[in-house]
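Asks: Enclosed is the structure file my_file_38.tsv (TSV, C-alpha atoms).
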```tsv
chain	number	residue	atom	x	y	z
W	1431	MET	CA	146.16	-8.00	-124.70
W	1432	THR	CA	147.49	-7.09	-128.14
W	1433	GLN	CA	149.11	-3.72	-127.41
W	1434	PRO	CA	152.82	-3.53	-126.49
W	1435	ILE	CA	153.46	-4.22	-122.82
W	1436	LYS	CA	155.13	-1.17	-121.28
W	1437	VAL	CA	157.48	-1.85	-118.41
W	1438	ALA	CA	159.17	0.02	-115.60
W	1439	LEU	CA	162.36	-1.56	-114.29
W	1440	ALA	CA	163.57	-0.69	-110.80
W	1441	GLY	CA	167.21	-1.33	-109.95
W	1442	ALA	CA	169.67	-0.57	-112.76
W	1443	GLY	CA	172.51	-2.64	-111.28
W	1444	ALA	CA	174.07	-5.89	-112.46
W	1445	PHE	CA	170.84	-7.90	-112.56
W	1446	GLY	CA	168.68	-5.08	-113.87
W	1447	ILE	CA	171.00	-4.87	-116.87
W	1448	LYS	CA	170.60	-8.63	-117.46
W	1449	HIS	CA	166.84	-8.06	-117.71
W	1450	LEU	CA	167.27	-5.10	-120.06
W	1451	ASP	CA	169.47	-7.24	-122.33
W	1452	GLY	CA	166.89	-10.05	-122.31
W	1453	ILE	CA	163.93	-7.76	-122.99
W	1454	ARG	CA	165.70	-6.43	-126.09
W	1455	ASN	CA	165.04	-9.86	-127.66
W	1456	ILE	CA	161.31	-9.96	-126.82
W	1457	ASP	CA	158.83	-8.53	-129.31
W	1458	GLY	CA	155.95	-6.38	-128.10
W	1459	VAL	CA	157.63	-5.22	-124.89
W	1460	GLU	CA	159.06	-1.77	-124.22
W	1461	VAL	CA	160.87	-0.48	-121.11
W	1462	VAL	CA	159.51	3.06	-120.67
W	1463	SER	CA	160.81	3.93	-117.20
W	1464	LEU	CA	163.98	3.15	-115.23
W	1465	VAL	CA	164.20	3.61	-111.46
W	1466	GLY	CA	167.48	3.83	-109.58
W	1467	ARG	CA	168.83	5.01	-106.26
W	1468	ARG	CA	171.15	7.60	-107.85
W	1469	ARG	CA	170.02	9.62	-110.85
W	1470	GLU	CA	173.32	10.00	-112.70
W	1471	PRO	CA	174.25	6.31	-113.14
W	1472	THR	CA	170.58	5.43	-113.73
W	1473	GLN	CA	170.39	8.06	-116.49
W	1474	ALA	CA	173.53	6.59	-118.08
W	1475	VAL	CA	171.90	3.14	-118.27
W	1476	ALA	CA	168.66	4.67	-119.59
W	1477	ASP	CA	170.58	6.48	-122.32
W	1478	LYS	CA	172.35	3.27	-123.33
W	1479	TYR	CA	169.05	1.34	-123.62
W	1480	GLY	CA	166.92	4.16	-125.07
W	1481	ILE	CA	164.64	4.47	-122.03
W	1482	GLY	CA	162.83	7.81	-122.01
W	1483	HIS	CA	161.99	8.24	-118.31
W	1484	VAL	CA	164.24	8.06	-115.26
W	1485	ALA	CA	163.18	8.29	-111.60
W	1486	THR	CA	164.72	7.86	-108.17
W	1487	ASP	CA	161.34	7.04	-106.60
W	1488	LEU	CA	159.35	3.96	-107.64
W	1489	ALA	CA	156.09	5.81	-106.92
W	1490	GLU	CA	156.85	8.25	-109.75
W	1491	SER	CA	157.00	5.39	-112.26
W	1492	LEU	CA	153.93	3.69	-110.82
W	1493	ALA	CA	151.96	6.91	-111.31
W	1494	ARG	CA	152.57	6.76	-115.06
W	1495	PRO	CA	149.43	5.52	-116.87
W	1496	ASP	CA	151.54	3.96	-119.63
W	1497	VAL	CA	153.26	1.51	-117.25
W	1498	ASP	CA	151.60	-1.92	-117.36
W	1499	ALA	CA	154.17	-3.98	-115.48
W	1500	VAL	CA	157.20	-3.63	-113.22
W	1501	ILE	CA	160.35	-5.68	-112.81
W	1502	LEU	CA	162.02	-5.23	-109.41
W	1503	CYS	CA	165.80	-5.75	-109.26
W	1504	THR	CA	166.21	-3.78	-106.04
W	1505	PRO	CA	167.85	-4.81	-102.72
W	1506	THR	CA	166.34	-7.88	-101.04
W	1507	GLN	CA	165.01	-5.93	-98.06
W	1508	MET	CA	162.80	-3.84	-100.39
W	1509	HIS	CA	161.32	-6.66	-102.49
W	1510	ALA	CA	158.13	-7.48	-100.61
W	1511	ALA	CA	157.08	-3.90	-99.83
W	1512	GLN	CA	157.77	-2.76	-103.39
W	1513	ALA	CA	155.94	-5.75	-104.90
W	1514	ILE	CA	152.89	-4.86	-102.79
W	1515	GLN	CA	153.25	-1.21	-103.84
W	1516	CYS	CA	153.18	-2.26	-107.51
W	1517	LEU	CA	150.16	-4.51	-107.09
W	1518	GLN	CA	148.23	-1.85	-105.19
W	1519	ALA	CA	148.96	0.53	-108.08
W	1520	GLY	CA	147.33	-1.99	-110.42
W	1521	LYS	CA	150.57	-3.11	-112.08
W	1522	HIS	CA	151.75	-6.63	-112.86
W	1523	VAL	CA	155.03	-7.33	-111.08
W	1524	GLN	CA	158.02	-9.61	-111.35
W	1525	VAL	CA	160.30	-9.41	-108.33
W	1526	GLU	CA	163.82	-10.76	-108.41
W	1527	ILE	CA	164.77	-13.54	-106.03
W	1528	PRO	CA	164.29	-13.59	-103.08
W	1529	LEU	CA	160.65	-12.63	-102.73
W	1530	CYS	CA	161.30	-11.75	-99.09
W	1531	ASP	CA	163.60	-12.36	-96.16
W	1532	LYS	CA	160.70	-12.92	-93.76
W	1533	LEU	CA	157.89	-15.39	-94.55
W	1534	ALA	CA	155.15	-13.05	-93.28
W	1535	ASP	CA	156.20	-10.47	-95.89
W	1536	GLY	CA	155.92	-13.07	-98.65
W	1537	GLN	CA	152.43	-13.98	-97.46
W	1538	ARG	CA	151.47	-10.30	-97.63
W	1539	VAL	CA	152.62	-10.18	-101.26
W	1540	LEU	CA	150.43	-13.18	-102.07
W	1541	ASP	CA	147.47	-11.55	-100.33
W	1542	ALA	CA	148.04	-8.36	-102.35
W	1543	GLN	CA	148.29	-10.37	-105.59
W	1544	ARG	CA	144.99	-12.12	-104.94
W	1545	LYS	CA	143.28	-8.84	-104.11
W	1546	ALA	CA	144.69	-7.03	-107.17
W	1547	GLY	CA	144.14	-9.89	-109.61
W	1548	ARG	CA	147.42	-9.08	-111.35
W	1549	VAL	CA	150.32	-11.32	-112.39
W	1550	ALA	CA	152.93	-11.57	-109.63
W	1551	MET	CA	156.01	-13.66	-110.35
W	1552	VAL	CA	159.36	-14.26	-108.66
W	1553	GLY	CA	162.71	-14.58	-110.44
W	1554	HIS	CA	163.40	-18.25	-109.70
W	1555	THR	CA	165.58	-18.44	-112.81
W	1556	ARG	CA	166.56	-22.09	-112.39
W	1557	ARG	CA	163.05	-23.12	-113.45
W	1558	PHE	CA	163.79	-21.45	-116.81
W	1559	ASN	CA	167.46	-22.25	-117.56
W	1560	PRO	CA	167.49	-24.61	-120.59
W	1561	SER	CA	169.63	-27.15	-118.70
W	1562	HIS	CA	167.04	-27.50	-115.94
W	1563	GLN	CA	164.15	-27.30	-118.41
W	1564	TYR	CA	165.67	-30.29	-120.25
W	1565	VAL	CA	165.63	-32.31	-117.03
W	1566	HIS	CA	162.12	-31.10	-116.18
W	1567	LYS	CA	160.79	-32.24	-119.55
W	1568	LYS	CA	162.26	-35.71	-118.91
W	1569	ILE	CA	160.53	-35.73	-115.52
W	1570	ALA	CA	157.21	-34.55	-116.99
W	1571	ALA	CA	157.39	-37.30	-119.62
W	1572	GLY	CA	157.93	-39.93	-116.92
W	1573	GLU	CA	161.40	-40.76	-118.28
W	1574	PHE	CA	163.39	-39.59	-115.24
W	1575	HIS	CA	162.75	-39.32	-111.52
W	1576	VAL	CA	165.04	-37.44	-109.12
W	1577	LEU	CA	166.44	-39.58	-106.33
W	1578	GLN	CA	169.07	-37.13	-105.13
W	1579	MET	CA	170.34	-33.65	-105.96
W	1580	ASP	CA	173.82	-32.55	-104.95
W	1581	VAL	CA	174.30	-28.79	-105.34
W	1582	GLN	CA	177.22	-26.42	-104.77
W	1583	THR	CA	176.73	-22.62	-104.73
W	1584	TYR	CA	180.14	-20.99	-104.53
W	1585	PHE	CA	181.40	-17.40	-104.66
W	1586	PHE	CA	184.43	-15.46	-103.51
W	1587	ARG	CA	182.79	-12.42	-101.93
W	1588	ARG	CA	184.26	-11.09	-98.70
W	1589	THR	CA	183.17	-7.51	-99.33
W	1590	ASN	CA	179.83	-6.02	-100.40
W	1591	MET	CA	180.27	-6.18	-104.18
W	1592	ASN	CA	177.80	-7.04	-106.93
W	1593	ALA	CA	178.32	-9.25	-110.00
W	1594	LEU	CA	179.93	-6.32	-111.84
W	1595	GLY	CA	182.45	-5.73	-109.04
W	1596	GLN	CA	180.65	-2.56	-107.91
W	1597	PRO	CA	179.90	-1.71	-104.24
W	1598	ARG	CA	176.49	-2.84	-103.01
W	1599	SER	CA	174.18	-0.80	-100.78
W	1600	TRP	CA	172.88	-4.01	-99.13
W	1601	THR	CA	174.20	-7.36	-97.94
W	1602	ASP	CA	173.65	-10.56	-99.90
W	1603	HIS	CA	172.56	-13.69	-97.99
W	1604	LEU	CA	173.36	-17.37	-98.54
W	1605	LEU	CA	170.08	-18.63	-97.04
W	1606	TRP	CA	167.38	-16.19	-98.21
W	1607	HIS	CA	168.90	-15.46	-101.62
W	1608	HIS	CA	171.18	-18.22	-102.87
W	1609	ALA	CA	169.64	-21.23	-101.11
W	1610	ALA	CA	166.21	-20.07	-102.31
W	1611	HIS	CA	167.14	-21.06	-105.89
W	1612	THR	CA	167.92	-24.65	-104.93
W	1613	VAL	CA	165.19	-25.15	-102.31
W	1614	ASP	CA	162.57	-24.16	-104.88
W	1615	LEU	CA	164.18	-26.09	-107.74
W	1616	PHE	CA	164.46	-29.28	-105.68
W	1617	ALA	CA	160.73	-29.33	-104.84
W	1618	TYR	CA	159.89	-28.37	-108.45
W	1619	GLN	CA	162.03	-31.13	-109.99
W	1620	ALA	CA	161.15	-33.76	-107.38
W	1621	GLY	CA	157.47	-32.96	-107.96
W	1622	SER	CA	156.96	-33.32	-104.25
W	1623	PRO	CA	156.85	-30.92	-101.27
W	1624	ILE	CA	159.79	-30.66	-98.86
W	1625	VAL	CA	158.95	-32.35	-95.56
W	1626	GLN	CA	162.31	-32.28	-93.78
W	1627	ALA	CA	165.05	-29.65	-93.76
W	1628	ASN	CA	168.25	-29.24	-91.76
W	1629	ALA	CA	170.95	-26.55	-91.81
W	1630	LEU	CA	174.38	-25.78	-90.38
W	1631	GLN	CA	176.36	-22.59	-90.81
W	1632	GLY	CA	179.92	-21.43	-90.25
W	1633	PRO	CA	181.10	-18.33	-88.38
W	1634	VAL	CA	179.35	-15.01	-88.91
W	1635	HIS	CA	181.51	-12.43	-90.71
W	1636	PRO	CA	182.40	-9.63	-88.22
W	1637	GLU	CA	181.66	-6.81	-90.68
W	1638	LEU	CA	179.02	-8.22	-93.06
W	1639	GLY	CA	177.03	-9.83	-90.25
W	1640	ILE	CA	176.21	-12.98	-92.24
W	1641	ALA	CA	177.44	-16.56	-92.27
W	1642	MET	CA	179.91	-17.10	-95.12
W	1643	ASP	CA	179.50	-20.90	-95.27
W	1644	MET	CA	176.37	-23.04	-95.01
W	1645	SER	CA	175.23	-26.63	-95.46
W	1646	ILE	CA	171.59	-27.64	-96.04
W	1647	GLN	CA	169.87	-31.03	-96.27
W	1648	LEU	CA	166.37	-31.48	-97.70
W	1649	LYS	CA	163.95	-34.39	-98.09
W	1650	ALA	CA	160.80	-34.44	-100.22
W	1651	ALA	CA	157.62	-36.32	-99.39
W	1652	ASN	CA	158.35	-38.84	-102.16
W	1653	GLY	CA	161.72	-39.73	-100.61
W	1654	ALA	CA	164.03	-37.67	-102.86
W	1655	ILE	CA	166.87	-35.95	-101.01
W	1656	CYS	CA	169.06	-32.90	-101.65
W	1657	THR	CA	172.40	-31.76	-100.24
W	1658	LEU	CA	173.33	-28.09	-100.74
W	1659	SER	CA	176.70	-26.53	-99.92
W	1660	LEU	CA	177.07	-22.73	-100.07
W	1661	SER	CA	180.09	-20.49	-99.57
W	1662	PHE	CA	181.25	-16.92	-100.06
W	1663	ASN	CA	184.83	-18.09	-99.33
W	1664	ASN	CA	185.47	-20.26	-102.40
W	1665	ASP	CA	188.53	-19.03	-104.30
W	1666	GLY	CA	187.85	-21.06	-107.42
W	1667	PRO	CA	185.16	-21.58	-110.08
W	1668	LEU	CA	182.17	-19.42	-109.19
W	1669	GLY	CA	178.50	-20.23	-109.61
W	1670	THR	CA	176.10	-23.05	-108.86
W	1671	PHE	CA	176.63	-26.63	-109.98
W	1672	PHE	CA	173.80	-29.17	-109.87
W	1673	ARG	CA	174.13	-32.95	-109.99
W	1674	TYR	CA	170.86	-34.78	-110.59
W	1675	ILE	CA	171.03	-38.46	-109.65
W	1676	GLY	CA	167.95	-40.30	-110.88
W	1677	ASP	CA	166.50	-43.71	-111.63
W	1678	SER	CA	167.51	-43.66	-115.29
W	1679	ALA	CA	170.37	-41.16	-115.66
W	1680	THR	CA	172.70	-38.68	-114.00
W	1681	TYR	CA	172.82	-35.07	-115.18
W	1682	ILE	CA	175.19	-32.24	-114.23
W	1683	ALA	CA	173.95	-28.71	-114.88
W	1684	ARG	CA	176.25	-25.70	-114.89
W	1685	TYR	CA	174.05	-22.67	-115.59
W	1686	ASP	CA	172.90	-23.23	-119.18
W	1687	ASP	CA	175.25	-26.15	-119.91
W	1688	LEU	CA	174.28	-29.77	-119.30
W	1689	VAL	CA	176.32	-32.99	-119.35
W	1690	ASN	CA	175.56	-36.55	-118.31
W	1691	GLY	CA	177.32	-38.35	-115.47
W	1692	LYS	CA	180.21	-39.21	-117.79
W	1693	GLU	CA	180.69	-35.50	-118.64
W	1694	GLU	CA	179.32	-36.03	-122.16
W	1695	LYS	CA	177.71	-32.83	-123.42
W	1696	ILE	CA	173.93	-32.73	-123.95
W	1697	ASP	CA	172.59	-30.29	-126.55
W	1698	VAL	CA	170.03	-28.01	-124.87
W	1699	SER	CA	169.98	-25.38	-127.62
W	1700	LYS	CA	166.55	-26.52	-128.87
W	1701	VAL	CA	164.88	-26.73	-125.45
W	1702	ALA	CA	163.57	-23.15	-125.64
W	1703	VAL	CA	163.65	-20.12	-127.94
W	1704	SER	CA	166.72	-18.77	-126.14
W	1705	MET	CA	169.68	-20.02	-124.12
W	1706	ASN	CA	169.34	-17.06	-121.73
W	1707	GLY	CA	167.50	-18.05	-118.54
W	1708	ILE	CA	166.71	-14.45	-117.60
W	1709	GLU	CA	165.19	-13.79	-121.03
W	1710	LEU	CA	163.12	-16.98	-120.77
W	1711	GLN	CA	161.94	-15.93	-117.32
W	1712	ASP	CA	160.88	-12.54	-118.69
W	1713	ARG	CA	159.15	-14.18	-121.67
W	1714	GLU	CA	157.04	-16.22	-119.22
W	1715	PHE	CA	156.13	-13.09	-117.26
W	1716	PHE	CA	154.94	-11.22	-120.35
W	1717	ALA	CA	153.17	-14.28	-121.79
W	1718	ALA	CA	151.23	-14.71	-118.53
W	1719	ILE	CA	150.16	-11.05	-118.69
W	1720	ARG	CA	148.99	-11.39	-122.30
W	1721	GLU	CA	147.19	-14.68	-121.66
W	1722	GLY	CA	145.67	-13.67	-118.32
W	1723	ARG	CA	147.05	-16.73	-116.51
W	1724	GLU	CA	149.23	-17.69	-113.57
W	1725	PRO	CA	152.93	-17.77	-114.53
W	1726	ASN	CA	155.43	-20.48	-113.75
W	1727	ALA	CA	157.21	-19.28	-110.56
W	1728	SER	CA	154.20	-17.26	-109.41
W	1729	VAL	CA	154.26	-15.97	-105.85
W	1730	ALA	CA	151.77	-18.70	-104.90
W	1731	GLN	CA	153.96	-21.44	-106.40
W	1732	VAL	CA	157.20	-20.37	-104.74
W	1733	LEU	CA	155.91	-19.40	-101.29
W	1734	PRO	CA	156.48	-22.97	-99.92
W	1735	CYS	CA	160.19	-22.42	-100.60
W	1736	TYR	CA	160.17	-19.44	-98.24
W	1737	GLU	CA	158.34	-21.48	-95.61
W	1738	VAL	CA	161.31	-23.90	-95.68
W	1739	LEU	CA	163.82	-21.02	-95.54
W	1740	GLN	CA	162.10	-19.65	-92.44
W	1741	GLN	CA	162.25	-23.08	-90.78
W	1742	LEU	CA	165.97	-23.24	-91.57
W	1743	GLU	CA	166.57	-19.74	-90.22
W	1744	GLN	CA	164.83	-20.68	-86.98
W	1745	GLN	CA	167.09	-23.76	-86.70
W	1746	LEU	CA	170.22	-21.69	-87.29
W	1747	ASN	CA	169.17	-19.01	-84.79
W	1748	ALA	CA	168.46	-21.67	-82.18
```
Once more with this new file: its structure as structure tokens, please.
Replies:
Amino acid sequence: MTQPIKVALAGAGAFGIKHLDGIRNIDGVEVVSLVGRRREPTQAVADKYGIGHVATDLAESLARPDVDAVILCTPTQMHAAQAIQCLQAGKHVQVEIPLCDKLADGQRVLDAQRKAGRVAMVGHTRRFNPSHQYVHKKIAAGEFHVLQMDVQTYFFRRTNMNALGQPRSWTDHLLWHHAAHTVDLFAYQAGSPIVQANALQGPVHPELGIAMDMSIQLKAANGAICTLSLSFNNDGPLGTFFRYIGDSATYIARYDDLVNGKEEKIDVSKVAVSMNGIELQDREFFAAIREGREPNASVAQVLPCYEVLQQLEQQLNA
């Protein structure tokens, strides 16, 4: 595929804008359609990024013959159905994390991908952040093996607000959204499937209807373990912080920054062509389309993560 890849992006909120910023740096890709719930703010984003077509219905963008691929940055509850809709329309699709909030829906997406023969990828950004790529390259070279990961995912979010401080139309979830990043990354970095998983959660918020605090333990088949703490109640530094304890080193990753166990900075600027994990994720999506191959973080690769999340949900509900 040598022609420019033409993209529709659905969901012009905080994360959709991160994708638009990343795509600006990628040659041979053009966003030709922007889909949003409300026309006026969607039009404003389209005007800022020079996008010629705006819609409030995904089907309108999918009907355009010039659209090759779709990036979905819509509410979690819409991800699986919209991904299937894109695939059935013959479009390649990248759906933001989480793929689904029910395992059966994720399986349906995989079935649709196999039937359509198109690229279907999920936004498991941690696979692409330079800090985690640095560790992965050490693992792939046989220079480092994960023995334990200790991860903290902390926010201060007691109302339905997005990363830009704007009201959300949907409710975020510690298990199906935020834990999904770490559950997938742990299996990916350990190079071994998860065989044991346990979870505890705190009280359910009376208005949001979700647990605001959660603790998860994981064990991989090769013996590596992971402890994950998540909270929407943390009034302090926000984000996710990863400590890799291995046989030859300790690494601490904070988004795209990496230090060793003594807090000495590690230069990850040469790990990839960008320091922006979202841009790197998008580059992989478009490269897979051009090369006719399965992408890193394909639906097939990440579905085991959602199998674990369903097991954990069943534990918590019990």
Asks: Tell me which protein, DNA and RNA residues are within 8 Å of W:Val1738, counting all atoms listed in the file, leaving out same-chain ones fewer than 5 positions away, and put them as a list in words.
Replies: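 My reading of the contact set: Val1613, Ile1624 and Ala1627 of chain W.
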Asks: Calculated over all atoms listed in the file, which of the candidates W:Lys1567, W:Ile1719, W:Asp1687, W:Met1579 has the smallest distance to W:Val1459?
Replies: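 So, comparing all the options, the nearest one is W:Ile1719.
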Asks: Could you check which of W:Ala1650, W:Ala1679, W:Ala1550, W:Cys1530 is closest to W:Ala1727, using all atoms listed in the file?
Replies: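 Ranked by minimum distance to W:Ala1727, first place goes to W:Ala1550.
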Asks: Which residues are near W:Gly1691? Cut-off 8 Å, only C-alpha atoms, ignore same chain within fewer than 4 positions. Put them as a list in words.
Replies: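 So, after excluding close chain neighbours, the residues are Ala1679, Thr1680, Tyr1681 and Ile1682 of chain W.
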Asks: Which polymer residues have any atom within 10 Å of an atom of W:Gln1631, counting only C-alpha atoms, with same-chain residues fewer than 6 positions away left out, as a PyMOL selection string?
Replies: chain W and resi 1604-1605+1640-1646+1659-1661+1746
Asks: Those selected residues, please, written with C-alpha atoms and delivered as a compact mmCIF listing (two decimals), in the frame of the given file.
Replies:
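And here's again37.txt as it stands now:
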```
# COMPACT_ATOMS: atom_id res chain seq x y z
CA LEU W 1604 173.36 -17.37 -98.54
CA LEU W 1605 170.08 -18.63 -97.04
CA ILE W 1640 176.21 -12.98 -92.24
CA ALA W 1641 177.44 -16.56 -92.27
CA MET W 1642 179.91 -17.10 -95.12
CA ASP W 1643 179.50 -20.90 -95.27
CA MET W 1644 176.37 -23.04 -95.01
CA SER W 1645 175.23 -26.63 -95.46
CA ILE W 1646 171.59 -27.64 -96.04
CA SER W 1659 176.70 -26.53 -99.92
CA LEU W 1660 177.07 -22.73 -100.07
CA SER W 1661 180.09 -20.49 -99.57
CA LEU W 1746 170.22 -21.69 -87.29
```
Asks: Of the candidates W:Val1634, W:Cys1656, W:Ala1571, W:Ala1748, which shows the shortest atom-to-atom distance to W:Ala1617, using all atoms listed in the file?
Replies: W:Cys1656
Asks: Closest to W:Thr1670 among W:Val1581, W:Val1565, W:Val1729, W:Leu1540, using only C-alpha atoms?
Replies: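 Counting only C-alpha atoms, the residue closest to W:Thr1670 is W:Val1581.
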Asks: Enter the distance from atom CA of W:Ala1440 to atom CA of W:Ala1718, in Å, rounded to one decimal.
Replies: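 So the two atoms, atom CA of W:Ala1440 and atom CA of W:Ala1718, lie 20.2 Å apart.
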Asks: Identify, on the basis of all atoms listed in the file, every residue whose closest approach to W:Phe1662 does not exceed 7 Å; exclude the query and any residue fewer than 4 positions from it along the same chain; express the result as number ranges by chain.
Replies: W: 1584-1588, 1642-1643
Asks: Mind checking which residues fall within 10 Å of W:Ile1456, counting only C-alpha atoms, ignoring those fewer than 4 positions away in the same chain, and posting them as a list in words?
Replies: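 My reading of the contact set: Asp1451, Gly1452, Glu1460, Glu1709, Leu1710, Asp1712, Arg1713 and Phe1716 of chain W.
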Asks: Mind writing the picked residues with C-alpha atoms as a compact mmCIF listing (two decimals), keeping the file's coordinate frame?
Replies:
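Result written to selection06.txt:
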```
# COMPACT_ATOMS: atom_id res chain seq x y z
CA ASP W 1451 169.47 -7.24 -122.33
CA GLY W 1452 166.89 -10.05 -122.31
CA GLU W 1460 159.06 -1.77 -124.22
CA GLU W 1709 165.19 -13.79 -121.03
CA LEU W 1710 163.12 -16.98 -120.77
CA ASP W 1712 160.88 -12.54 -118.69
CA ARG W 1713 159.15 -14.18 -121.67
CA PHE W 1716 154.94 -11.22 -120.35
```
Asks: Would you list the residues near (156.3, -37.8, -103.4), meaning any protein, DNA or RNA residue with an atom at most 10 Å from that point in file coordinates, counting only C-alpha atoms, as a list in words?
Replies: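 Residues lying no farther than 10 Å from the given point: Ala1617, Ala1620, Gly1621, Ser1622, Pro1623, Ile1624, Val1625, Lys1649, Ala1650, Ala1651, Asn1652, Gly1653 and Ala1654 of chain W.
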Asks: Atom CA of W:Ser1678 and atom CA of W:Gln1578, how far apart in Å?
Replies: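 Between atom CA of W:Gln1578 and atom CA of W:Ser1678 the gap is 12.2 Å.
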Asks: Which value, in Å to one decimal, gives the distance between atom CA of W:Gly1466 and atom CA of W:Arg1454?
Replies: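 Straight-line distance from atom CA of W:Gly1466 to atom CA of W:Arg1454 works out to 19.5 Å.
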Asks: Measuring atom to atom with all atoms listed in the file, identify which of W:Ala1629, W:Ala1610, W:Leu1464, W:Val1484 is nearest to W:Arg1557.
Replies: W:Ala1610
Asks: Identify which of the residues W:Ala1513, W:Met1551, W:Val1465, W:Ile1501 lies closest to W:Glu1714, counting only C-alpha atoms when measuring atom-to-atom distances.
Replies: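 Checking each candidate against W:Glu1714, we get W:Met1551 as the closest.
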Asks: How would stretch 1680-1697 of chain W read, as a CSV table (one decimal), in the coordinates of the input, once N, CA and C atoms are built in?
Replies:
```csv
chain,number,residue,atom,x,y,z
W,1680,THR,N,172.1,-39.7,-114.8
W,1680,THR,CA,172.7,-38.7,-114.0
W,1680,THR,C,173.0,-37.5,-114.9
W,1681,TYR,N,172.6,-36.3,-114.4
W,1681,TYR,CA,172.8,-35.1,-115.2
W,1681,TYR,C,173.6,-34.1,-114.3
W,1682,ILE,N,174.5,-33.3,-114.9
W,1682,ILE,CA,175.2,-32.2,-114.2
W,1682,ILE,C,174.9,-30.9,-115.0
W,1683,ALA,N,174.3,-30.0,-114.3
W,1683,ALA,CA,174.0,-28.7,-114.9
W,1683,ALA,C,174.8,-27.6,-114.3
W,1684,ARG,N,175.4,-26.9,-115.3
W,1684,ARG,CA,176.2,-25.7,-114.9
W,1684,ARG,C,175.7,-24.5,-115.6
W,1685,TYR,N,174.8,-23.7,-115.0
W,1685,TYR,CA,174.0,-22.7,-115.6
W,1685,TYR,C,173.3,-23.2,-116.8
W,1686,ASP,N,173.7,-22.8,-118.0
W,1686,ASP,CA,172.9,-23.2,-119.2
W,1686,ASP,C,173.6,-24.4,-119.9
W,1687,ASP,N,174.6,-25.0,-119.3
W,1687,ASP,CA,175.2,-26.2,-119.9
W,1687,ASP,C,174.8,-27.4,-119.2
W,1688,LEU,N,174.7,-28.5,-119.9
W,1688,LEU,CA,174.3,-29.8,-119.3
W,1688,LEU,C,175.1,-30.9,-119.8
W,1689,VAL,N,175.6,-31.8,-119.0
W,1689,VAL,CA,176.3,-33.0,-119.4
W,1689,VAL,C,175.7,-34.2,-118.6
W,1690,ASN,N,176.0,-35.4,-119.1
W,1690,ASN,CA,175.6,-36.6,-118.3
W,1690,ASN,C,176.6,-36.9,-117.3
W,1691,GLY,N,176.4,-38.0,-116.5
W,1691,GLY,CA,177.3,-38.4,-115.5
W,1691,GLY,C,178.7,-38.7,-115.9
W,1692,LYS,N,178.9,-38.9,-117.2
W,1692,LYS,CA,180.2,-39.2,-117.8
W,1692,LYS,C,180.8,-38.0,-118.4
W,1693,GLU,N,180.2,-36.8,-118.1
W,1693,GLU,CA,180.7,-35.5,-118.6
W,1693,GLU,C,180.5,-35.4,-120.2
W,1694,GLU,N,179.6,-36.1,-120.7
W,1694,GLU,CA,179.3,-36.0,-122.2
W,1694,GLU,C,178.3,-34.9,-122.4
W,1695,LYS,N,178.6,-34.0,-123.2
W,1695,LYS,CA,177.7,-32.8,-123.4
W,1695,LYS,C,176.3,-33.2,-124.0
W,1696,ILE,N,175.3,-32.6,-123.5
W,1696,ILE,CA,173.9,-32.7,-124.0
W,1696,ILE,C,173.5,-31.4,-124.6
W,1697,ASP,N,173.0,-31.5,-125.8
W,1697,ASP,CA,172.6,-30.3,-126.6
W,1697,ASP,C,171.3,-29.8,-126.0
```
